[in-house]
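Chemist: Below you will find the structure I want to go over with you.
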Amino acid sequence: MKQTDFPLSVPELASPQADWLRIEGVSKRFGSTLVLDQIDLTVRRGEFLCLLGPSGCGKTTLLRVIAGLEAQDGGVVVMGGRDIGILPPAKRDYGIVFQSYALFPNLTVAENVAYALKLPRKERSARVAQLLQMVELDGKQEHYPAQLSGGQQQRVALARALATSPSLLLLDEPLSALDARVRDNLRQELRSLQRRLGITAIMVTHDQEEALAIADTIAVMAHGRIEQVGTPEQIYREPATRFVADFVGCANWLPVHQNEAGLVTAGDMSFGLSLPVGARAATAFCRPEDICVEPHWSAGGSMTMAIVERVDFLGGVRRAVLTLAAERHVELTVDVARNEPGYELLVPGQRVPVSIAPHKVRYFVDGAA
Ligand SMILES: Nc1ncnc2c1ncn2[C@@H]1O[C@H](COP(=O)(O)OP(=O)(O)OP(=O)(O)O)[C@@H](O)[C@H]1O
């Protein structure tokens with residue numbers, strides 16, 4: 001989106017204040033269902049945080065509790081040192097964007113954006129023009145929502161949410177209703193606008209790719225609890241639980257044991273490591289790009305033979321499902337780029353050597369989360 005010539009008076013730019021927004025012990029029930037179970041979460045000023053999780057895990061309810069659109073049964077929400085959990089929505093200093101745009105169909109674009117602005121007429125028009133320029137909709141002031149595309153309507157909703165220069169921007173699946181290309185563009189624009197304004201943003205999404213691309217921090221939720229909070233890299237590379245590993249990206253799981261020499265093995269592969277004291281079995285986890293399809297076999301170490309079962313062309317890579325030759329029930333998904341030596345070997349039925357670098361493997365001890 002365009003740089004505007006006007007300073008947008010968003011209160012204070014990002015500071016490193018680690019717990020500008022603090023959610024402590026928040027719980028919520030609908031009837032007998034516990035939807036939020038003692039949620040603790042902090043958000044830095046200027047941070048872009050995504051609440052990511054499967055349908056029904058409670059992420060929208062948590063956003064609505066922050067917004068004051070839903071009252072929590074227990075816990076507190078503190079923003080900039082103020083307990084906002086007891087304030088009505090209008091006093092909480094946020095703008096919100098919904099998946100369904102929620103524009104007034106009988107009001108023009110300009111009237112929609114100006115709706116919450118309590119300014120004299122001239123200043124209000126200038127502010128609306130500035131906001132519409134910011135979301136690249138100058139010239140559309142007099143249009144009605146029905147005359148705009150989905151992406152344009154969501155830009156209007158964004159301009160409206162930012163109209164009063166709130167400290168916090170809440171986004172409830174704002175891109176889900178848009179088609180892929182519009183979604184990708186608007187995602188980038190939303191991110192760069194948020195950075196430029198320094199506004200703190202919390203976005204709900206069930207789309208892990210979207211969360212990885214846009215967030216500074218991701219909070220992965222399941223069954224009303226937070227499973228892990230981390231940067232996109234941490235969530236993807238160092239998932240704290242099996243749920244996170246499976247939900248974010250594609251996961252490979254290999255049953256491993258400890259041999260008599262105390263080393264971790266999977267079939268005929270040895271990873272040269274030991275399990276934690278007391279653990280006998282575990283499951284090894286790695287991502288598709290962590291497995292190498294080798295042009296040549298060399299015995300020992302973390303190399304084994306596999307059989308190519310299926311191959312999909314994904315543009316930048318070939319994604320193949322392999323089974324281990326020695327344990328045909330164990331499947332591995334591998335991504336191989338065109339410039340890698342194993343690319344041409346990915347033909348269904350082909351036997352191929354594969355290796356997994358031990359430092360790329362994480363272990364989940366059996367019986368643990
Ligand atoms: N007003 C309500 N009354 C009763 N149950 C509700 C209400 N709002 C949400 N729920 C239930 O609470 C649970 C969590 O809903 P929530 O919308 O927070 O989940 P979500 O993770 O955002 O999922 P989705 O992406 O499908 O919206 C669901 O089981 C849902 O059916």
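Labeling convention for the structure tokens: chains A, B, ... as they appear, residues from 1 per chain, ligands from 1 in order of appearance.
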Neighbours of ligand 1 within 10 Å, counting only C-alpha atoms and all ligand atoms, as a short mmCIF file (atom, residue, chain, number, x, y, z; two decimals) with N, CA and C atoms, in the first residue's frame?

Modeler:
```cif
data_model
loop_
_atom_site.label_atom_id
_atom_site.label_comp_id
_atom_site.auth_asym_id
_atom_site.auth_seq_id
_atom_site.Cartn_x
_atom_site.Cartn_y
_atom_site.Cartn_z
N LYS A 28 -13.15 -19.45 29.34
CA LYS A 28 -14.50 -19.17 28.82
C LYS A 28 -15.21 -20.48 28.56
N ARG A 29 -16.45 -20.55 29.01
CA ARG A 29 -17.31 -21.71 28.74
C ARG A 29 -18.50 -21.27 27.93
N PHE A 30 -18.91 -22.12 26.99
CA PHE A 30 -20.23 -21.96 26.40
C PHE A 30 -21.01 -23.17 26.88
N GLY A 31 -21.98 -22.97 27.75
CA GLY A 31 -22.71 -24.10 28.35
C GLY A 31 -21.72 -24.95 29.11
N SER A 32 -21.70 -26.24 28.79
CA SER A 32 -20.78 -27.12 29.51
C SER A 32 -19.43 -27.25 28.81
N THR A 33 -19.29 -26.58 27.65
CA THR A 33 -18.03 -26.73 26.90
C THR A 33 -17.01 -25.68 27.32
N LEU A 34 -15.85 -26.16 27.73
CA LEU A 34 -14.76 -25.24 28.08
C LEU A 34 -14.05 -24.86 26.78
N VAL A 35 -14.20 -23.61 26.35
CA VAL A 35 -13.67 -23.19 25.06
C VAL A 35 -12.30 -22.53 25.20
N LEU A 36 -12.08 -21.82 26.31
CA LEU A 36 -10.76 -21.28 26.62
C LEU A 36 -10.38 -21.77 28.01
N LEU A 51 -2.95 -15.97 16.00
CA LEU A 51 -3.54 -17.09 16.75
C LEU A 51 -3.87 -18.14 15.70
N LEU A 52 -3.17 -19.25 15.76
CA LEU A 52 -3.29 -20.28 14.71
C LEU A 52 -3.80 -21.58 15.34
N GLY A 53 -4.76 -22.19 14.68
CA GLY A 53 -5.23 -23.48 15.19
C GLY A 53 -6.38 -23.99 14.35
N PRO A 54 -6.75 -25.25 14.56
CA PRO A 54 -7.83 -25.83 13.77
C PRO A 54 -9.18 -25.25 14.17
N SER A 55 -10.16 -25.50 13.32
CA SER A 55 -11.51 -25.01 13.57
C SER A 55 -12.00 -25.48 14.94
N GLY A 56 -12.56 -24.55 15.70
CA GLY A 56 -13.15 -24.90 16.99
C GLY A 56 -12.19 -24.87 18.16
N CYS A 57 -10.92 -24.48 17.94
CA CYS A 57 -9.95 -24.52 19.04
C CYS A 57 -10.08 -23.33 19.99
N GLY A 58 -10.87 -22.33 19.61
CA GLY A 58 -11.13 -21.21 20.52
C GLY A 58 -10.45 -19.91 20.13
N LYS A 59 -9.82 -19.85 18.97
CA LYS A 59 -9.06 -18.64 18.63
C LYS A 59 -9.95 -17.42 18.43
N THR A 60 -11.10 -17.60 17.76
CA THR A 60 -12.00 -16.46 17.57
C THR A 60 -12.57 -16.01 18.91
N THR A 61 -12.88 -16.96 19.76
CA THR A 61 -13.40 -16.61 21.09
C THR A 61 -12.37 -15.79 21.86
N LEU A 62 -11.10 -16.17 21.76
CA LEU A 62 -10.06 -15.40 22.46
C LEU A 62 -9.98 -13.98 21.89
N LEU A 63 -10.04 -13.85 20.57
CA LEU A 63 -10.01 -12.51 19.96
C LEU A 63 -11.22 -11.68 20.43
N ARG A 64 -12.37 -12.34 20.50
CA ARG A 64 -13.59 -11.63 20.92
C ARG A 64 -13.55 -11.25 22.39
N VAL A 65 -12.86 -12.04 23.19
CA VAL A 65 -12.68 -11.67 24.60
C VAL A 65 -11.80 -10.42 24.70
N GLU A 70 -17.12 -10.66 23.86
CA GLU A 70 -17.46 -11.86 24.62
C GLU A 70 -16.86 -11.62 26.00
N ASP A 172 -9.93 -10.97 12.27
CA ASP A 172 -10.51 -12.31 12.41
C ASP A 172 -10.61 -12.95 11.03
N GLU A 173 -9.64 -13.76 10.67
CA GLU A 173 -9.59 -14.43 9.36
C GLU A 173 -9.87 -13.42 8.23
N VAL A 204 -6.40 -13.83 13.76
CA VAL A 204 -6.84 -15.22 13.85
C VAL A 204 -6.74 -15.86 12.47
N THR A 205 -6.17 -17.02 12.41
CA THR A 205 -6.16 -17.75 11.13
C THR A 205 -6.07 -19.26 11.40
N HIS A 206 -6.64 -20.04 10.46
CA HIS A 206 -6.44 -21.48 10.56
C HIS A 206 -5.44 -21.92 9.49
N ASP A 207 -4.91 -20.92 8.76
CA ASP A 207 -4.05 -21.21 7.61
C ASP A 207 -2.59 -21.08 8.05
N MET A 221 -2.89 -22.87 18.93
CA MET A 221 -3.91 -23.29 19.89
C MET A 221 -4.51 -24.64 19.51
N ALA A 222 -4.91 -25.38 20.52
CA ALA A 222 -5.67 -26.62 20.32
C ALA A 222 -6.53 -26.83 21.55
N HIS A 223 -7.78 -27.18 21.33
CA HIS A 223 -8.71 -27.50 22.44
C HIS A 223 -8.70 -26.45 23.54
N GLY A 224 -8.74 -25.19 23.16
CA GLY A 224 -8.85 -24.13 24.15
C GLY A 224 -7.60 -23.84 24.93
#
```

Chemist: Name the residues of region 11-214 of chain A that fall into helix (DSSP H, G or I) according to DSSP on the backbone, using the chain letters and numbers of this document, as number ranges by chain.

Modeler: A: 59-67, 84-86, 89-91, 109-114, 121-134, 145-147, 150-162, 180-197, 208-214

Chemist: Could you give me, as a VMD selection string, each residue of region 187-228 of chain A that DSSP assigns to strand (DSSP E or B) when run on this structure's backbone?

Modeler: chain A and resid 200 to 205 217 to 222 225 to 228

Chemist: Using only C-alpha atoms, which residues sit within 9 Å of Ala213 (chain A) once same-chain residues fewer than 6 positions away are excluded, as a list in words?

Modeler: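 What passes the distance filter is Arg187, Gln188 and Pro232 of chain A.
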
Chemist: Could those residues be written to a file, using N, CA and C atoms, as an mmCIF file, in the first residue's frame?

Modeler:
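Result file is part_4.cif:
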```
data_model
loop_
_atom_site.group_PDB
_atom_site.id
_atom_site.type_symbol
_atom_site.label_atom_id
_atom_site.label_comp_id
_atom_site.auth_asym_id
_atom_site.auth_seq_id
_atom_site.Cartn_x
_atom_site.Cartn_y
_atom_site.Cartn_z
ATOM 1 N N ARG A 187 -2.119 -9.839 1.908
ATOM 2 C CA ARG A 187 -1.331 -10.283 3.074
ATOM 3 C C ARG A 187 -0.047 -9.474 3.187
ATOM 4 N N GLN A 188 0.658 -9.341 2.056
ATOM 5 C CA GLN A 188 1.910 -8.573 2.060
ATOM 6 C C GLN A 188 1.656 -7.112 2.397
ATOM 7 N N PRO A 232 7.836 -17.815 13.697
ATOM 8 C CA PRO A 232 7.497 -18.805 12.672
ATOM 9 C C PRO A 232 8.577 -19.883 12.528
#
```

Chemist: Would you kindly return, as a PyMOL selection string, each protein, DNA or RNA residue with an atom no farther than 8 Å from any atom of Val321 (chain A), considering only C-alpha atoms and excluding same-chain residues fewer than 2 positions away?

Modeler: chain A and resi 308-311+319+323+331-334

Chemist: Using only C-alpha atoms, please write the residues we just selected to a file, as a short mmCIF file (atom, residue, chain, number, x, y, z; two decimals), in the first residue's frame.

Modeler:
```cif
data_model
loop_
_atom_site.label_atom_id
_atom_site.label_comp_id
_atom_site.auth_asym_id
_atom_site.auth_seq_id
_atom_site.Cartn_x
_atom_site.Cartn_y
_atom_site.Cartn_z
CA VAL A 308 9.35 -44.25 -4.32
CA GLU A 309 5.60 -44.72 -4.02
CA ARG A 310 4.11 -41.47 -5.38
CA VAL A 311 5.45 -38.21 -6.82
CA ARG A 319 7.23 -33.99 -3.37
CA THR A 323 8.48 -46.22 2.06
CA GLU A 331 6.29 -43.62 5.00
CA LEU A 332 8.46 -40.57 4.45
CA THR A 333 7.51 -37.46 2.51
CA VAL A 334 10.46 -35.75 0.83
#
```
